[in-house]
>>> print(open('structure_13.cif').read())   # mmCIF, C-alpha atoms
data_structure
#
loop_
_atom_site.label_atom_id
_atom_site.label_comp_id
_atom_site.auth_asym_id
_atom_site.auth_seq_id
_atom_site.Cartn_x
_atom_site.Cartn_y
_atom_site.Cartn_z
CA MET Z 7 9.65 14.99 -10.95
CA LYS Z 8 12.11 13.71 -8.33
CA LYS Z 9 9.97 15.19 -5.56
CA VAL Z 10 6.93 13.34 -6.89
CA PHE Z 11 8.73 10.01 -6.92
CA LEU Z 12 10.13 10.57 -3.44
CA LEU Z 13 6.57 10.95 -2.17
CA ILE Z 14 5.50 7.81 -4.04
CA VAL Z 15 8.28 5.68 -2.65
CA PHE Z 16 7.87 7.09 0.83
CA ALA Z 17 4.23 6.00 0.63
CA CYS Z 18 5.29 2.50 -0.39
CA PHE Z 19 7.71 2.15 2.51
CA ILE Z 20 5.52 3.74 5.19
CA ALA Z 21 2.48 1.70 4.21
CA SER Z 22 1.97 0.85 7.84
CA CYS Z 23 -0.83 3.11 8.98
CA ASN Z 24 -4.31 2.50 7.56
CA VAL Z 25 -4.07 0.81 4.17
CA THR Z 26 -7.03 0.01 1.96
CA GLU Z 27 -6.68 -2.40 -0.95
CA SER Z 28 -9.67 -2.01 -3.24
CA ILE Z 29 -10.61 -4.00 -6.34
CA VAL Z 30 -13.71 -3.26 -8.40
CA PHE Z 31 -14.72 -5.80 -11.07
CA ASN Z 32 -16.90 -5.09 -14.08
CA GLN Z 33 -19.20 -7.62 -15.72
CA ASP Z 34 -16.60 -8.49 -18.40
CA GLY Z 35 -13.81 -9.18 -15.86
CA SER Z 36 -12.08 -5.85 -16.30
CA GLY Z 37 -11.82 -3.45 -13.39
CA GLU Z 38 -9.74 -1.18 -11.22
CA PHE Z 39 -7.18 -1.84 -8.49
CA LEU Z 40 -6.33 0.86 -5.96
CA ALA Z 41 -4.14 0.74 -2.84
CA THR Z 42 -4.62 3.77 -0.62
CA TYR Z 43 -2.19 4.68 2.15
CA GLU Z 44 -3.46 6.97 4.91
CA MET Z 45 -0.13 8.32 6.08
CA GLY Z 46 -0.95 11.37 8.17
CA GLU Z 47 -0.74 9.69 11.57
CA ALA Z 48 2.20 7.52 10.55
CA ILE Z 49 4.24 10.56 9.57
CA LYS Z 50 3.39 12.24 12.87
CA ALA Z 51 4.65 9.14 14.69
CA PHE Z 52 7.81 9.12 12.59
CA GLU Z 53 8.49 12.80 13.29
CA LYS Z 54 8.00 12.20 16.99
CA SER Z 55 10.40 9.25 16.92
CA MET Z 56 13.00 11.49 15.28
CA GLY Z 57 12.70 14.12 18.01
CA GLY Z 58 9.97 16.34 16.55
CA ASP Z 59 8.13 18.72 18.87
CA GLU Z 60 4.49 17.74 18.84
CA ASP Z 61 3.62 20.69 21.13
CA LYS Z 62 4.85 23.37 18.73
CA GLU Z 63 2.30 25.97 17.66
CA LYS Z 64 0.14 24.80 14.77
CA LYS Z 65 0.43 26.93 11.65
CA GLU Z 66 -2.52 27.31 9.32
CA GLY Z 67 -2.49 27.82 5.58
CA GLY Z 68 -0.64 24.61 4.81
CA GLU Z 69 -0.61 22.74 1.52
CA ILE Z 70 -3.87 21.36 0.13
CA MET Z 71 -3.82 18.96 -2.80
CA ASP Z 72 -6.29 16.56 -4.38
CA THR Z 73 -5.10 15.28 -7.71
CA THR Z 74 -4.55 12.19 -9.88
CA MET Z 75 -1.32 11.67 -11.79
CA VAL Z 76 -1.10 9.11 -14.59
CA PHE Z 77 2.38 7.70 -15.20
CA ALA Z 78 1.81 7.64 -18.95
CA ASP Z 79 1.07 11.37 -18.82
CA ILE Z 80 4.17 11.99 -16.70
CA MET Z 81 6.25 10.14 -19.28
CA GLU Z 82 4.81 12.30 -22.05
CA THR Z 83 5.22 15.58 -20.16
CA TYR Z 84 8.79 14.76 -19.14
CA LYS Z 85 9.69 12.69 -22.19
CA ASP Z 86 13.07 14.37 -22.63
CA SER Z 87 13.95 13.69 -18.99
CA VAL Z 88 12.70 10.11 -19.27
CA ALA Z 89 14.77 9.53 -22.41
CA ALA Z 90 17.86 10.74 -20.55
CA LEU Z 91 17.37 8.35 -17.62
CA PRO Z 92 19.71 5.38 -17.15
CA GLU Z 93 18.36 2.33 -18.94
CA GLU Z 94 17.28 0.60 -15.73
CA LYS Z 95 15.13 3.54 -14.61
CA ARG Z 96 13.78 4.13 -18.11
CA LEU Z 97 12.64 0.51 -18.32
CA ALA Z 98 11.10 0.84 -14.86
CA MET Z 99 9.09 3.80 -16.10
CA GLU Z 100 7.89 1.76 -19.06
CA ALA Z 101 6.85 -1.05 -16.74
CA VAL Z 102 4.54 1.18 -14.68
CA LYS Z 103 3.15 3.48 -17.37
CA ASP Z 104 -0.30 1.88 -17.04
CA MET Z 105 -0.52 2.91 -13.38
CA TYR Z 106 -1.63 6.12 -11.70
CA MET Z 107 -1.25 7.86 -8.36
CA ARG Z 108 -3.83 9.79 -6.38
CA MET Z 109 -2.67 12.34 -3.81
CA GLN Z 110 -4.83 13.98 -1.17
CA ILE Z 111 -3.02 16.33 1.19
CA ASN Z 112 -4.38 18.77 3.75
CA GLU Z 113 -1.60 19.82 6.08
CA ASP Z 114 -3.92 21.80 8.38
CA GLU Z 115 -6.08 18.71 8.94
CA GLY Z 116 -3.16 16.28 9.12
CA VAL Z 117 -4.36 14.42 6.02
CA MET Z 118 -1.84 12.77 3.72
CA ASN Z 119 -3.33 10.01 1.59
CA PHE Z 120 -1.61 8.36 -1.36
CA GLY Z 121 -3.36 6.00 -3.72
CA MET Z 122 -1.61 3.87 -6.32
CA GLY Z 123 -3.65 1.94 -8.82
CA MET Z 124 -4.38 0.82 -12.34
CA GLN Z 125 -7.21 -0.04 -14.67
CA PHE Z 126 -7.04 -3.67 -15.81
CA GLU Z 127 -8.55 -5.58 -18.70
CA SER Z 128 -8.46 -8.95 -16.93
CA ILE Z 129 -7.28 -10.40 -13.63
CA GLU Z 130 -4.11 -11.51 -15.40
CA ASP Z 131 -2.99 -7.87 -15.47
CA LEU Z 132 -2.58 -8.01 -11.68
CA LYS Z 133 -0.23 -10.98 -11.64
CA ASP Z 134 2.90 -8.80 -11.62
CA LEU Z 135 1.46 -6.01 -9.47
CA GLY Z 136 4.05 -6.56 -6.74
CA GLU Z 137 6.84 -6.15 -9.26
CA LYS Z 138 5.29 -2.92 -10.51
CA PHE Z 139 5.37 -1.51 -6.99
CA LYS Z 140 9.04 -2.47 -6.71
CA LYS Z 141 9.74 -0.76 -10.05
CA ILE Z 142 8.20 2.41 -8.68
CA GLN Z 143 10.43 2.20 -5.63
CA SER Z 144 13.48 1.80 -7.88
CA LEU Z 145 12.72 5.12 -9.58
CA ASN Z 146 13.49 7.06 -6.43
CA GLY Z 147 16.77 8.96 -6.35
CA GLN Z 148 16.75 9.21 -2.56
CA GLY Z 149 16.67 5.48 -1.89
CA GLU Z 150 19.51 5.67 0.61
CA GLN Z 151 17.56 8.16 2.72
CA LEU Z 152 14.54 5.87 2.79
CA ASP Z 153 16.71 2.88 3.67
CA ALA Z 154 18.09 4.93 6.55
CA ILE Z 155 14.54 5.54 7.76
CA LYS Z 156 13.90 1.81 7.79
CA ASP Z 157 17.22 0.95 9.42
CA ASN Z 158 17.62 3.71 11.99
CA SER Z 159 14.13 4.52 13.22
CA PRO Z 160 11.94 2.34 15.44
CA ILE Z 161 9.13 2.85 12.90
CA GLY Z 162 11.25 1.00 10.33
CA ASN Z 163 10.34 -2.31 11.93
CA PHE Z 164 6.68 -1.65 11.20
CA MET Z 165 6.98 -0.88 7.48
CA GLY Z 166 5.87 -4.26 6.20
CA SER Z 167 7.71 -6.94 4.30
CA GLU Z 168 8.89 -7.12 0.70
CA ASN Z 169 8.93 -10.92 0.94
CA ASN Z 170 5.21 -11.36 0.24
CA ASP Z 171 3.53 -11.90 -3.13
CA VAL Z 172 -0.24 -11.80 -3.60
CA ALA Z 173 -1.99 -13.74 -6.35
CA TYR Z 174 -5.56 -12.95 -7.44
CA ASN Z 175 -7.87 -15.32 -9.28
CA TYR Z 176 -11.26 -14.37 -10.68
CA THR Z 177 -13.83 -16.42 -12.59
CA SER Z 178 -17.56 -16.16 -13.22
CA LYS Z 179 -18.13 -18.30 -10.12
CA SER Z 180 -15.44 -17.31 -7.63
CA PHE Z 181 -12.62 -15.03 -6.51
CA SER Z 182 -9.54 -15.70 -4.41
CA ARG Z 183 -6.73 -13.66 -2.89
CA MET Z 184 -3.75 -15.78 -1.84
CA THR Z 185 -0.42 -14.73 -0.29
CA SER Z 186 2.84 -16.54 -0.84
CA ILE Z 187 5.69 -15.75 1.53
CA LYS Z 188 9.21 -15.95 0.22
CA LYS Z 189 11.86 -17.34 2.52
CA PRO Z 190 12.87 -14.34 4.64
CA ASN Z 191 16.50 -13.37 4.75
CA GLU Z 192 18.43 -13.03 7.99
CA ALA Z 193 17.90 -9.27 8.16
CA THR Z 194 14.13 -9.69 7.86
CA GLU Z 195 14.07 -12.36 10.55
CA ASP Z 196 16.11 -10.15 12.87
CA ALA Z 197 13.75 -7.22 12.26
CA ILE Z 198 10.68 -9.32 13.08
CA ASP Z 199 12.36 -10.68 16.22
CA GLU Z 200 13.24 -7.13 17.23
CA LEU Z 201 9.74 -5.91 16.42
CA PHE Z 202 8.09 -8.23 18.91
CA ASP Z 203 10.73 -7.87 21.60
CA GLU Z 204 8.64 -7.30 24.73
CA THR Z 205 11.64 -5.79 26.55
CA ASP Z 206 12.23 -2.99 24.02
CA GLU Z 207 10.40 0.12 25.26
CA SER Z 208 10.70 2.01 21.96
CA ASN Z 209 9.18 -0.90 20.07
CA GLN Z 210 6.34 -1.17 22.57
CA GLN Z 211 5.57 2.50 22.08
CA PHE Z 212 5.07 1.88 18.37
CA MET Z 213 3.28 -1.41 19.03
CA GLU Z 214 0.65 0.52 20.97
CA TYR Z 215 0.26 2.98 18.12
CA PHE Z 216 0.02 0.41 15.35
CA GLN Z 217 -2.48 -1.67 17.28
CA GLY Z 218 -4.92 0.98 16.06
CA SER Z 219 -3.80 0.68 12.44
CA PHE Z 220 -5.38 -1.67 9.93
CA TYR Z 221 -4.96 -3.25 6.53
CA ASN Z 222 -8.37 -3.14 4.86
CA VAL Z 223 -9.54 -5.09 1.80
CA LYS Z 224 -12.58 -3.94 -0.16
CA LEU Z 225 -13.88 -6.06 -3.04
CA THR Z 226 -16.73 -5.14 -5.37
CA PHE Z 227 -18.16 -7.71 -7.79
CA PRO Z 228 -20.86 -7.64 -10.50
CA LYS Z 229 -22.55 -10.58 -8.76
CA ALA Z 230 -23.80 -11.04 -5.21
CA VAL Z 231 -21.58 -13.01 -2.84
CA LYS Z 232 -22.93 -16.38 -1.76
CA SER Z 233 -20.14 -17.31 0.67
CA ILE Z 234 -16.80 -16.06 1.94
CA ASP Z 235 -14.36 -17.93 4.16
CA ILE Z 236 -13.22 -15.13 6.47
CA ASP Z 237 -14.70 -13.73 9.69
CA GLY Z 238 -15.68 -10.15 10.38
CA VAL Z 239 -16.83 -9.34 6.85
CA GLU Z 240 -19.09 -6.37 6.17
CA PHE Z 241 -21.51 -6.71 3.23
CA SER Z 242 -23.17 -4.01 1.19
CA ASP Z 243 -26.98 -4.21 1.00
CA ASP Z 244 -26.81 -5.99 -2.36
CA ARG Z 245 -23.98 -8.28 -1.14
CA LYS Z 246 -21.86 -7.27 -4.11
CA THR Z 247 -19.27 -5.42 -2.01
CA VAL Z 248 -17.40 -7.05 0.87
CA THR Z 249 -15.00 -5.34 3.26
CA TYR Z 250 -12.74 -6.91 5.86
CA LYS Z 251 -9.60 -5.96 7.73
CA THR Z 252 -6.87 -7.06 10.08
CA ASN Z 253 -4.77 -5.20 12.60
CA TRP Z 254 -1.45 -4.05 11.12
CA VAL Z 255 0.69 -5.80 13.74
CA ASP Z 256 -1.23 -9.05 13.23
CA TYR Z 257 -0.76 -8.62 9.48
CA LEU Z 258 3.01 -8.30 9.97
CA LYS Z 259 3.02 -11.52 11.94
CA ASN Z 260 0.90 -13.37 9.37
CA PRO Z 261 0.11 -11.73 5.97
CA LYS Z 262 -2.07 -14.73 5.10
CA LEU Z 263 -4.75 -13.35 7.43
CA LEU Z 264 -6.02 -11.38 4.43
CA ASP Z 265 -6.32 -14.39 2.14
CA VAL Z 266 -9.87 -15.14 1.10
CA ASN Z 267 -12.05 -17.36 -1.08
CA VAL Z 268 -15.34 -15.97 -2.39
CA LYS Z 269 -18.15 -17.78 -4.19
CA PHE Z 270 -20.86 -15.94 -6.11
CA VAL Z 271 -24.60 -16.53 -6.23
CA ASP Z 272 -25.58 -18.64 -9.24
CA GLU Z 273 -27.55 -16.71 -11.82
#
>>> encode(input="structure_13.cif", output="structure tokens")
Amino acid sequence: MKKVFLLIVFACFIASCNVTESIVFNQDGSGEFLATYEMGEAIKAFEKSMGGDEDKEKKEGGEIMDTTMVFADIMETYKDSVAALPEEKRLAMEAVKDMYMRMQINEDEGVMNFGMGMQFESIEDLKDLGEKFKKIQSLNGQGEQLDAIKDNSPIGNFMGSENNDVAYNYTSKSFSRMTSIKKPNEATEDAIDELFDETDESNQQFMEYFQGSFYNVKLTFPKAVKSIDIDGVEFSDDRKTVTYKTNWVDYLKNPKLLDVNVKFVDE
């Protein structure tokens, strides 16, 4: 179980390749939230930054996995282990039992995708989504190793901020996604300053890589979209699904680039 949670938390911290945030709404306001992290290229970049040999002979027959794991099922399967956890971790497990994780791994193809999501009854269920992700991170027993990745590798500067909260609002007439940014601490400010230091060659190497990485948002509604206040949107043929994105580096500079207001066609 520890290995599973290490993979989950690693996905949370290295969510700086191609990320897709997807929300599908049903007619009654219920739906599904899923954040998918495409980590294959990011891990390659990390290994290279740590001195890995990208020219070594490729070995075939690597791991292949395509599965969904429900936290409630994990808690039932490992109920004795869960009961023996320290109270803080046990409560964290309780807090995320309504979530699930999807894993798609193909080592030969360089694919490593992690999806974390939940079914929700109403938009109110998403109000503490950020806290749920933090609870999942707290379950990891190798937190110090992951902190070392963030602190000691150039890629650590590109891992995103924990100082952002996203609020979702959904009614029969409209939808909004709004980001609030907490006051960054000194360490965060220093990291951002270091990130965009034009004189740092190692940072510029990663800047070039992450310029090709994106944070995508995909929204599917039971009604057609009448208007949306963001540029570069792609619509499905029935205008019920909208997709937009921003470059990862631009997102780091300004997470509010993904904020949006949507109005639906009157029926």
>>> resolve_selection(input="structure_13.cif", expression="the PyMOL selection byres ((chain Z and resi 125-141) around 10)", output="VMD selection string")
chain Z and resid 14 to 15 18 29 to 32 34 to 40 94 to 95 97 to 106 122 to 124 142 to 146 168 170 to 177
>>> write_last_selection(input="structure_13.cif", atoms="C-alpha atoms", output="mmCIF file, in the frame of the given file")
data_model
loop_
_atom_site.group_PDB
_atom_site.id
_atom_site.type_symbol
_atom_site.label_atom_id
_atom_site.label_comp_id
_atom_site.auth_asym_id
_atom_site.auth_seq_id
_atom_site.Cartn_x
_atom_site.Cartn_y
_atom_site.Cartn_z
ATOM 1 C CA ILE Z 14 5.500 7.810 -4.040
ATOM 2 C CA VAL Z 15 8.280 5.680 -2.650
ATOM 3 C CA CYS Z 18 5.290 2.500 -0.390
ATOM 4 C CA ILE Z 29 -10.610 -4.000 -6.340
ATOM 5 C CA VAL Z 30 -13.710 -3.260 -8.400
ATOM 6 C CA PHE Z 31 -14.720 -5.800 -11.070
ATOM 7 C CA ASN Z 32 -16.900 -5.090 -14.080
ATOM 8 C CA ASP Z 34 -16.600 -8.490 -18.400
ATOM 9 C CA GLY Z 35 -13.810 -9.180 -15.860
ATOM 10 C CA SER Z 36 -12.080 -5.850 -16.300
ATOM 11 C CA GLY Z 37 -11.820 -3.450 -13.390
ATOM 12 C CA GLU Z 38 -9.740 -1.180 -11.220
ATOM 13 C CA PHE Z 39 -7.180 -1.840 -8.490
ATOM 14 C CA LEU Z 40 -6.330 0.860 -5.960
ATOM 15 C CA GLU Z 94 17.280 0.600 -15.730
ATOM 16 C CA LYS Z 95 15.130 3.540 -14.610
ATOM 17 C CA LEU Z 97 12.640 0.510 -18.320
ATOM 18 C CA ALA Z 98 11.100 0.840 -14.860
ATOM 19 C CA MET Z 99 9.090 3.800 -16.100
ATOM 20 C CA GLU Z 100 7.890 1.760 -19.060
ATOM 21 C CA ALA Z 101 6.850 -1.050 -16.740
ATOM 22 C CA VAL Z 102 4.540 1.180 -14.680
ATOM 23 C CA LYS Z 103 3.150 3.480 -17.370
ATOM 24 C CA ASP Z 104 -0.300 1.880 -17.040
ATOM 25 C CA MET Z 105 -0.520 2.910 -13.380
ATOM 26 C CA TYR Z 106 -1.630 6.120 -11.700
ATOM 27 C CA MET Z 122 -1.610 3.870 -6.320
ATOM 28 C CA GLY Z 123 -3.650 1.940 -8.820
ATOM 29 C CA MET Z 124 -4.380 0.820 -12.340
ATOM 30 C CA ILE Z 142 8.200 2.410 -8.680
ATOM 31 C CA GLN Z 143 10.430 2.200 -5.630
ATOM 32 C CA SER Z 144 13.480 1.800 -7.880
ATOM 33 C CA LEU Z 145 12.720 5.120 -9.580
ATOM 34 C CA ASN Z 146 13.490 7.060 -6.430
ATOM 35 C CA GLU Z 168 8.890 -7.120 0.700
ATOM 36 C CA ASN Z 170 5.210 -11.360 0.240
ATOM 37 C CA ASP Z 171 3.530 -11.900 -3.130
ATOM 38 C CA VAL Z 172 -0.240 -11.800 -3.600
ATOM 39 C CA ALA Z 173 -1.990 -13.740 -6.350
ATOM 40 C CA TYR Z 174 -5.560 -12.950 -7.440
ATOM 41 C CA ASN Z 175 -7.870 -15.320 -9.280
ATOM 42 C CA TYR Z 176 -11.260 -14.370 -10.680
ATOM 43 C CA THR Z 177 -13.830 -16.420 -12.590
#
>>> residues_around(input="structure_13.cif", residues="range 181-186 of chain Z", least_positions_apart="6", cutoff="10 Å", atoms="only C-alpha atoms", output="compact mmCIF listing (two decimals) with C-alpha atoms, in the coordinates of the input")
# COMPACT_ATOMS: atom_id res chain seq x y z
CA ASN Z 169 8.93 -10.92 0.94
CA ASN Z 170 5.21 -11.36 0.24
CA ASP Z 171 3.53 -11.90 -3.13
CA VAL Z 172 -0.24 -11.80 -3.60
CA ALA Z 173 -1.99 -13.74 -6.35
CA TYR Z 174 -5.56 -12.95 -7.44
CA ASN Z 175 -7.87 -15.32 -9.28
CA LEU Z 225 -13.88 -6.06 -3.04
CA PHE Z 227 -18.16 -7.71 -7.79
CA VAL Z 231 -21.58 -13.01 -2.84
CA ILE Z 234 -16.80 -16.06 1.94
CA ASN Z 260 0.90 -13.37 9.37
CA PRO Z 261 0.11 -11.73 5.97
CA LYS Z 262 -2.07 -14.73 5.10
CA LEU Z 263 -4.75 -13.35 7.43
CA LEU Z 264 -6.02 -11.38 4.43
CA ASP Z 265 -6.32 -14.39 2.14
CA VAL Z 266 -9.87 -15.14 1.10
CA ASN Z 267 -12.05 -17.36 -1.08
CA VAL Z 268 -15.34 -15.97 -2.39
CA LYS Z 269 -18.15 -17.78 -4.19
CA PHE Z 270 -20.86 -15.94 -6.11
>>> residues_around(input="structure_13.cif", residues="Glu115 in chain Z", least_positions_apart="2", cutoff="10 Å", atoms="only C-alpha atoms", output="CSV table (one decimal) with C-alpha atoms, keeping the file's coordinate frame")
chain,number,residue,atom,x,y,z
Z,46,GLY,CA,-1.0,11.4,8.2
Z,66,GLU,CA,-2.5,27.3,9.3
Z,68,GLY,CA,-0.6,24.6,4.8
Z,70,ILE,CA,-3.9,21.4,0.1
Z,111,ILE,CA,-3.0,16.3,1.2
Z,112,ASN,CA,-4.4,18.8,3.8
Z,113,GLU,CA,-1.6,19.8,6.1
Z,117,VAL,CA,-4.4,14.4,6.0
Z,118,MET,CA,-1.8,12.8,3.7
>>> atom_distance(input="structure_13.cif", atom1="CA of Ser180 in chain Z", atom2="CA of Val25 in chain Z")
24.4 Å
>>> residues_around(input="structure_13.cif", residues="range 119-121 of chain Z", least_positions_apart="6", cutoff="6 Å", atoms="all atoms listed in the file", output="PDB file with C-alpha atoms, in the coordinates of the input")
ATOM      1  CA  ALA Z  41      -4.140   0.740  -2.840  1.00  0.00           C
ATOM      2  CA  THR Z  42      -4.620   3.770  -0.620  1.00  0.00           C
ATOM      3  CA  TYR Z  43      -2.190   4.680   2.150  1.00  0.00           C
ATOM      4  CA  GLU Z  44      -3.460   6.970   4.910  1.00  0.00           C
ATOM      5  CA  MET Z  45      -0.130   8.320   6.080  1.00  0.00           C
ATOM      6  CA  MET Z 107      -1.250   7.860  -8.360  1.00  0.00           C
ATOM      7  CA  ARG Z 108      -3.830   9.790  -6.380  1.00  0.00           C
ATOM      8  CA  MET Z 109      -2.670  12.340  -3.810  1.00  0.00           C
ATOM      9  CA  GLN Z 110      -4.830  13.980  -1.170  1.00  0.00           C
TER      10      GLN Z 110
END
